[in-house]
Amino acid sequence: MRAPDSPIITKGDVLLAVDNVSLSFGGVKALTDVSFDIRKGEIRAIIGPNGAGKTSMLNCINGFYHPTEGRITFKGETRQRMRPHVAARGGIARTFQNVALFKGMTTLDNIMAGRSLKMRRGFFWQVLRHGPALEEEISQRRVVEDIIDFLEIQAIRKVPVGKLAYGLQKRVELGRALAMQPELLLLDEPMAGMNLEEKEDMSRFILDVNQQFGTTIALIEHDMGVVMDLSDRVVVLEYGRKIADGKPDEVKRDERVIAAYLGVPH
Amino acid sequence: MDILYKIFLEPFALMASAPDLLLQTLWEGLVSGVLYALIALGFVLIFKASGVFNFAQGIMVVFAALTLVGLHEKGVPAFLALILTIGVMFVLAFAVERIVLKPLVNQPDIILFMATFGLTYFLIGFGELIFGGNPKQMISRELFLPQGSTDLQLLGGLVRVQHIDIAAAVIASLMIAALAVFFSKTRIGRALRAVADSHKAALSVGISLDQIWVIVWFTAGIVALVTGIMWGARSDVSFALQIIALKALPVLILGGFTSIPGAIVGGLIIGVGEKIGEFYWGPLIGGGIETWLAYMIALLFLLYRPQGLFGEKIIERV
């Protein structure tokens, strides 16, 4: 759903640029003068200690929050205030730190909900559930079944997601985001609360999504092993400021990063 | 002993000895039950999608019926008036979203609830201003609603069935079936349920809350219009109707605030229960059971099954 006049972005170009973004809630500064970019096709990790402003950063990118200062440019288009459903329309999908699913609905319906934007038939046909609307429903269903196969969750297709174990809920949430066929996928701690096996599965899915579909991914994660293995580049935040940015190896050796994570001797 | 006999034996003996009378009472109960169910349905639609208990649903029923009849009185042909009324309900839905819901988004539920109180009094005043406060006749004939009644030979007696009651039951059933399919099988229906579950997640997949709210309020407006026509055709169109709309409360408590089947079954139980109670047990205490029995049943439910018969059990993993 690329607008006809927006530039074509190929692998390696800047897909999203964050320039001097600050965000404050009353007197509390969540982000201060943060700049970085996300390039097409990469996996970009955002790390930092608790309260560093990582989730606030994601919320700014997908329009839940509006930066107090600074600019965010997505696909060459700079925006001051973007509403979340407009960001979704533009190709930004996300998952949440504490899983936000439609708990009363089945796995299938949750992922179908992710297709909402790709379905265009109007209210009238929807009410009749006939003709074009029915055809559309069937073709969309096929895409969703592919995603279900990809994530290996066939067994829970008809289960209300509220009843699923946490690890599976995270997987369904990823499925719903994938159903949007996003250009930029934001993952907020996709492995929080998972055991080792689940983490390995999730890592594999993230890599596959990135390599097979070429989806650009920005991810927040606490598990350093995972971050170092998965990501192409890492940006490190502390107290709302950027303290490092670069390849995983460089970041790992950066003294300020080590200090932020381990503390400095006084 | 005498009182026990009157409570536990006599009514049942009466039922058995005059089954035609029982049938007649059951039928009347069912019909008013269907109408209670329709009113409750309007509440459920809005509650599911926005978590707002819309106190104004009752007055919306009156307002819709009043607009229809009022327009016809001013010389608009019946079916054009019907289409215009649907238009008015859409404008109302749009205005409510823009003027009431949107500025109050993220406020506590009680604030939104109070806002619907305000809406109620606005609609009462506005309706009276434009169409006057006098009771009006529903334009049944012009809308080709059936009139008259048939006496059926059943169970050794006569059971009288009003044609309009049959029409009401059929139309209500069709509408409920259509809504059920719409909710479970279409994109917009799915979006409605999604919004009901989590605003945050719905936004993240690109569902626009504004649009969804207009759609639910409009749907509730259509349900109100159908209810208003049917109820108006049985009695008349007046502001007293909104008192009846309060009966939707016990129906909702019985059926569960979030369940469409619950609204239907709850409506039928309350409708039938009231009529049976009034007819067989009413004389014992001098009548009037009909006005409070529903609330008694609701109270019992609140004590023993607060989520109602069909309400969603809150699934919580610990």
# chains A, B, ... in the order shown; residues from 1 in each chain; ligands from 1

$ closest_atom_pairs --of "chain B" --to "chain A" --cutoff "8 Å" --atoms "only C-alpha atoms" --output "Markdown table"
| residue | atom | partner | partner_atom | distance |
| --- | --- | --- | --- | --- |
| B:Ala178 | CA | A:Val127 | CA | 7.9 |
| B:Phe182 | CA | A:Val127 | CA | 5.9 |
| B:Lys185 | CA | A:Arg129 | CA | 7.8 |
| B:Thr186 | CA | A:Gln126 | CA | 5.9 |
| B:Arg187 | CA | A:Ser116 | CA | 6.2 |
| B:Ile188 | CA | A:Gln126 | CA | 7.1 |
| B:Arg190 | CA | A:Ala113 | CA | 6.5 |
| B:Ala191 | CA | A:Ala113 | CA | 6.5 |
| B:Arg193 | CA | A:Met105 | CA | 7.9 |
| B:Ala194 | CA | A:Phe102 | CA | 5.6 |
| B:Asp197 | CA | A:Phe102 | CA | 5.0 |
| B:Ser198 | CA | A:Phe102 | CA | 6.1 |
| B:Lys200 | CA | A:Ala100 | CA | 7.1 |
| B:Ala201 | CA | A:Ala100 | CA | 5.4 |
| B:Leu203 | CA | A:His85 | CA | 5.3 |
| B:Ser204 | CA | A:Pro84 | CA | 6.2 |
| B:Val205 | CA | A:Gly114 | CA | 5.4 |
| B:Gly206 | CA | A:His85 | CA | 3.9 |
| B:Ile207 | CA | A:His85 | CA | 5.8 |
| B:Ser208 | CA | A:His85 | CA | 5.8 |
| B:Ile315 | CA | A:Gly162 | CA | 6.3 |
| B:Glu316 | CA | A:Gly162 | CA | 7.6 |
| B:Arg317 | CA | A:Lys163 | CA | 7.8 |

$ write_last_selection --atoms "C-alpha atoms" --output "PDB file, in the first residue's frame"
ATOM      1  CA  ALA B 178     -28.336 -10.721  10.857  1.00  0.00           C
ATOM      2  CA  PHE B 182     -22.343  -9.575  11.011  1.00  0.00           C
ATOM      3  CA  LYS B 185     -18.092 -13.311  10.222  1.00  0.00           C
ATOM      4  CA  THR B 186     -17.145  -9.939   8.779  1.00  0.00           C
ATOM      5  CA  ARG B 187     -14.200  -7.581   8.954  1.00  0.00           C
ATOM      6  CA  ILE B 188     -16.141  -4.798  10.623  1.00  0.00           C
ATOM      7  CA  ARG B 190     -14.314  -8.534  13.943  1.00  0.00           C
ATOM      8  CA  ALA B 191     -13.042  -4.989  14.359  1.00  0.00           C
ATOM      9  CA  ARG B 193     -15.034  -7.230  18.876  1.00  0.00           C
ATOM     10  CA  ALA B 194     -11.376  -6.277  18.698  1.00  0.00           C
ATOM     11  CA  ASP B 197     -11.223  -6.399  23.870  1.00  0.00           C
ATOM     12  CA  SER B 198      -8.331  -3.940  23.716  1.00  0.00           C
ATOM     13  CA  LYS B 200      -4.456  -0.369  22.297  1.00  0.00           C
ATOM     14  CA  ALA B 201      -4.156  -3.544  20.242  1.00  0.00           C
ATOM     15  CA  LEU B 203      -5.178   0.784  17.182  1.00  0.00           C
ATOM     16  CA  SER B 204      -1.942  -1.049  16.491  1.00  0.00           C
ATOM     17  CA  VAL B 205      -3.514  -3.113  13.706  1.00  0.00           C
ATOM     18  CA  GLY B 206      -4.927  -0.005  12.104  1.00  0.00           C
ATOM     19  CA  ILE B 207      -8.516  -0.038  13.318  1.00  0.00           C
ATOM     20  CA  SER B 208      -9.853   3.480  13.676  1.00  0.00           C
ATOM     21  CA  ILE B 315     -10.315 -15.350  32.070  1.00  0.00           C
ATOM     22  CA  GLU B 316      -7.371 -14.529  34.218  1.00  0.00           C
ATOM     23  CA  ARG B 317      -4.135 -16.442  34.316  1.00  0.00           C
TER      24      ARG B 317
END

$ select_by_dssp --residues "segment 18-262 of chain B" --states "strand (DSSP E or B)" --output "ChimeraX atom specification"
/B:136,149-154,157-162,237

$ atom_distance --atom1 "atom CA of Pro248 of chain A" --atom2 "atom CA of Phe150 of chain A"
28.1 Å

$ select_by_dssp --residues "segment 125-303 of chain B" --states "helix (DSSP H, G or I)" --output "PyMOL selection string"
chain B and resi 125-131+163-185+187-197+199-204+209-234+241-245+248-255+260-285+289-303

$ residues_around --residues "segment 124-141 of chain B" --least-positions-apart "4" --cutoff "7 Å" --atoms "only C-alpha atoms" --output "VMD selection string"
chain B and resid 63 69 to 70 120 145 229 232 to 233 236 to 238

$ atom_distance --atom1 "atom CA of Ile270 of chain B" --atom2 "atom CA of Leu154 of chain B"
24.8 Å

$ residues_around --residues "Pro77 of chain B" --least-positions-apart "6" --cutoff "10 Å" --atoms "only C-alpha atoms" --output "list in words"
Leu71, Glu142 and Leu143 of chain B

$ residues_around --residues "segment 101-116 of chain B" --least-positions-apart "6" --cutoff "8 Å" --atoms "only C-alpha atoms" --output "list in words"
Gly51, Val52, Phe53, Asn54, Phe55, Ala56 and Asp210 of chain B

$ atom_distance --atom1 "atom CA of Gln57 of chain B" --atom2 "atom CA of Ser32 of chain B"
17.3 Å

$ closest_residue --among "A:Ile147, A:Val172, A:Leu262, A:Val159" --to "Val209 of chain A" --atoms "only C-alpha atoms"
A:Ile147

$ residues_around --residues "Thr216 of chain A" --least-positions-apart "4" --cutoff "9 Å" --atoms "only C-alpha atoms" --output "list in words"
Leu15, Ile38, Arg39, Lys40, Gly41, Glu42, Ile43, Arg44, Pro182, Glu183, Leu184, Leu185, Leu186, Val209 and Asn210 of chain A

$ write_last_selection --atoms "N, CA and C atoms" --output "PDB file, in the first residue's frame"
ATOM      1  N   LEU A  15      15.066   3.681   6.317  1.00  0.00           N
ATOM      2  CA  LEU A  15      13.619   3.502   6.258  1.00  0.00           C
ATOM      3  C   LEU A  15      12.952   4.457   7.238  1.00  0.00           C
ATOM      4  N   ILE A  38      16.884   3.605  11.194  1.00  0.00           N
ATOM      5  CA  ILE A  38      16.679   2.186  10.942  1.00  0.00           C
ATOM      6  C   ILE A  38      16.734   2.003   9.439  1.00  0.00           C
ATOM      7  N   ARG A  39      17.598   1.080   9.002  1.00  0.00           N
ATOM      8  CA  ARG A  39      17.760   0.896   7.554  1.00  0.00           C
ATOM      9  C   ARG A  39      16.920  -0.264   7.069  1.00  0.00           C
ATOM     10  N   LYS A  40      16.496  -0.140   5.838  1.00  0.00           N
ATOM     11  CA  LYS A  40      15.652  -1.157   5.212  1.00  0.00           C
ATOM     12  C   LYS A  40      16.319  -2.530   5.272  1.00  0.00           C
ATOM     13  N   GLY A  41      15.606  -3.502   5.788  1.00  0.00           N
ATOM     14  CA  GLY A  41      16.085  -4.879   5.763  1.00  0.00           C
ATOM     15  C   GLY A  41      16.914  -5.296   6.965  1.00  0.00           C
ATOM     16  N   GLU A  42      17.196  -4.387   7.882  1.00  0.00           N
ATOM     17  CA  GLU A  42      18.042  -4.781   9.009  1.00  0.00           C
ATOM     18  C   GLU A  42      17.204  -5.151  10.241  1.00  0.00           C
ATOM     19  N   ILE A  43      17.889  -5.789  11.187  1.00  0.00           N
ATOM     20  CA  ILE A  43      17.296  -5.982  12.507  1.00  0.00           C
ATOM     21  C   ILE A  43      18.020  -5.031  13.449  1.00  0.00           C
ATOM     22  N   ARG A  44      17.258  -4.102  14.003  1.00  0.00           N
ATOM     23  CA  ARG A  44      17.845  -3.040  14.805  1.00  0.00           C
ATOM     24  C   ARG A  44      17.384  -3.259  16.244  1.00  0.00           C
ATOM     25  N   PRO A 182       3.847  -5.839   7.294  1.00  0.00           N
ATOM     26  CA  PRO A 182       4.399  -4.507   7.550  1.00  0.00           C
ATOM     27  C   PRO A 182       5.747  -4.303   6.873  1.00  0.00           C
ATOM     28  N   GLU A 183       6.099  -3.038   6.666  1.00  0.00           N
ATOM     29  CA  GLU A 183       7.444  -2.732   6.201  1.00  0.00           C
ATOM     30  C   GLU A 183       8.389  -2.613   7.379  1.00  0.00           C
ATOM     31  N   LEU A 184       7.814  -2.160   8.490  1.00  0.00           N
ATOM     32  CA  LEU A 184       8.606  -2.030   9.701  1.00  0.00           C
ATOM     33  C   LEU A 184       7.858  -2.724  10.831  1.00  0.00           C
ATOM     34  N   LEU A 185       8.547  -3.660  11.467  1.00  0.00           N
ATOM     35  CA  LEU A 185       7.917  -4.430  12.533  1.00  0.00           C
ATOM     36  C   LEU A 185       8.587  -4.058  13.856  1.00  0.00           C
ATOM     37  N   LEU A 186       7.813  -3.580  14.806  1.00  0.00           N
ATOM     38  CA  LEU A 186       8.355  -3.187  16.103  1.00  0.00           C
ATOM     39  C   LEU A 186       8.025  -4.270  17.125  1.00  0.00           C
ATOM     40  N   VAL A 209      11.482 -14.172   9.450  1.00  0.00           N
ATOM     41  CA  VAL A 209      10.675 -13.051   8.969  1.00  0.00           C
ATOM     42  C   VAL A 209      11.581 -12.053   8.254  1.00  0.00           C
ATOM     43  N   ASN A 210      12.714 -11.773   8.894  1.00  0.00           N
ATOM     44  CA  ASN A 210      13.644 -10.801   8.338  1.00  0.00           C
ATOM     45  C   ASN A 210      14.226 -11.270   7.012  1.00  0.00           C
TER      46      ASN A 210
END
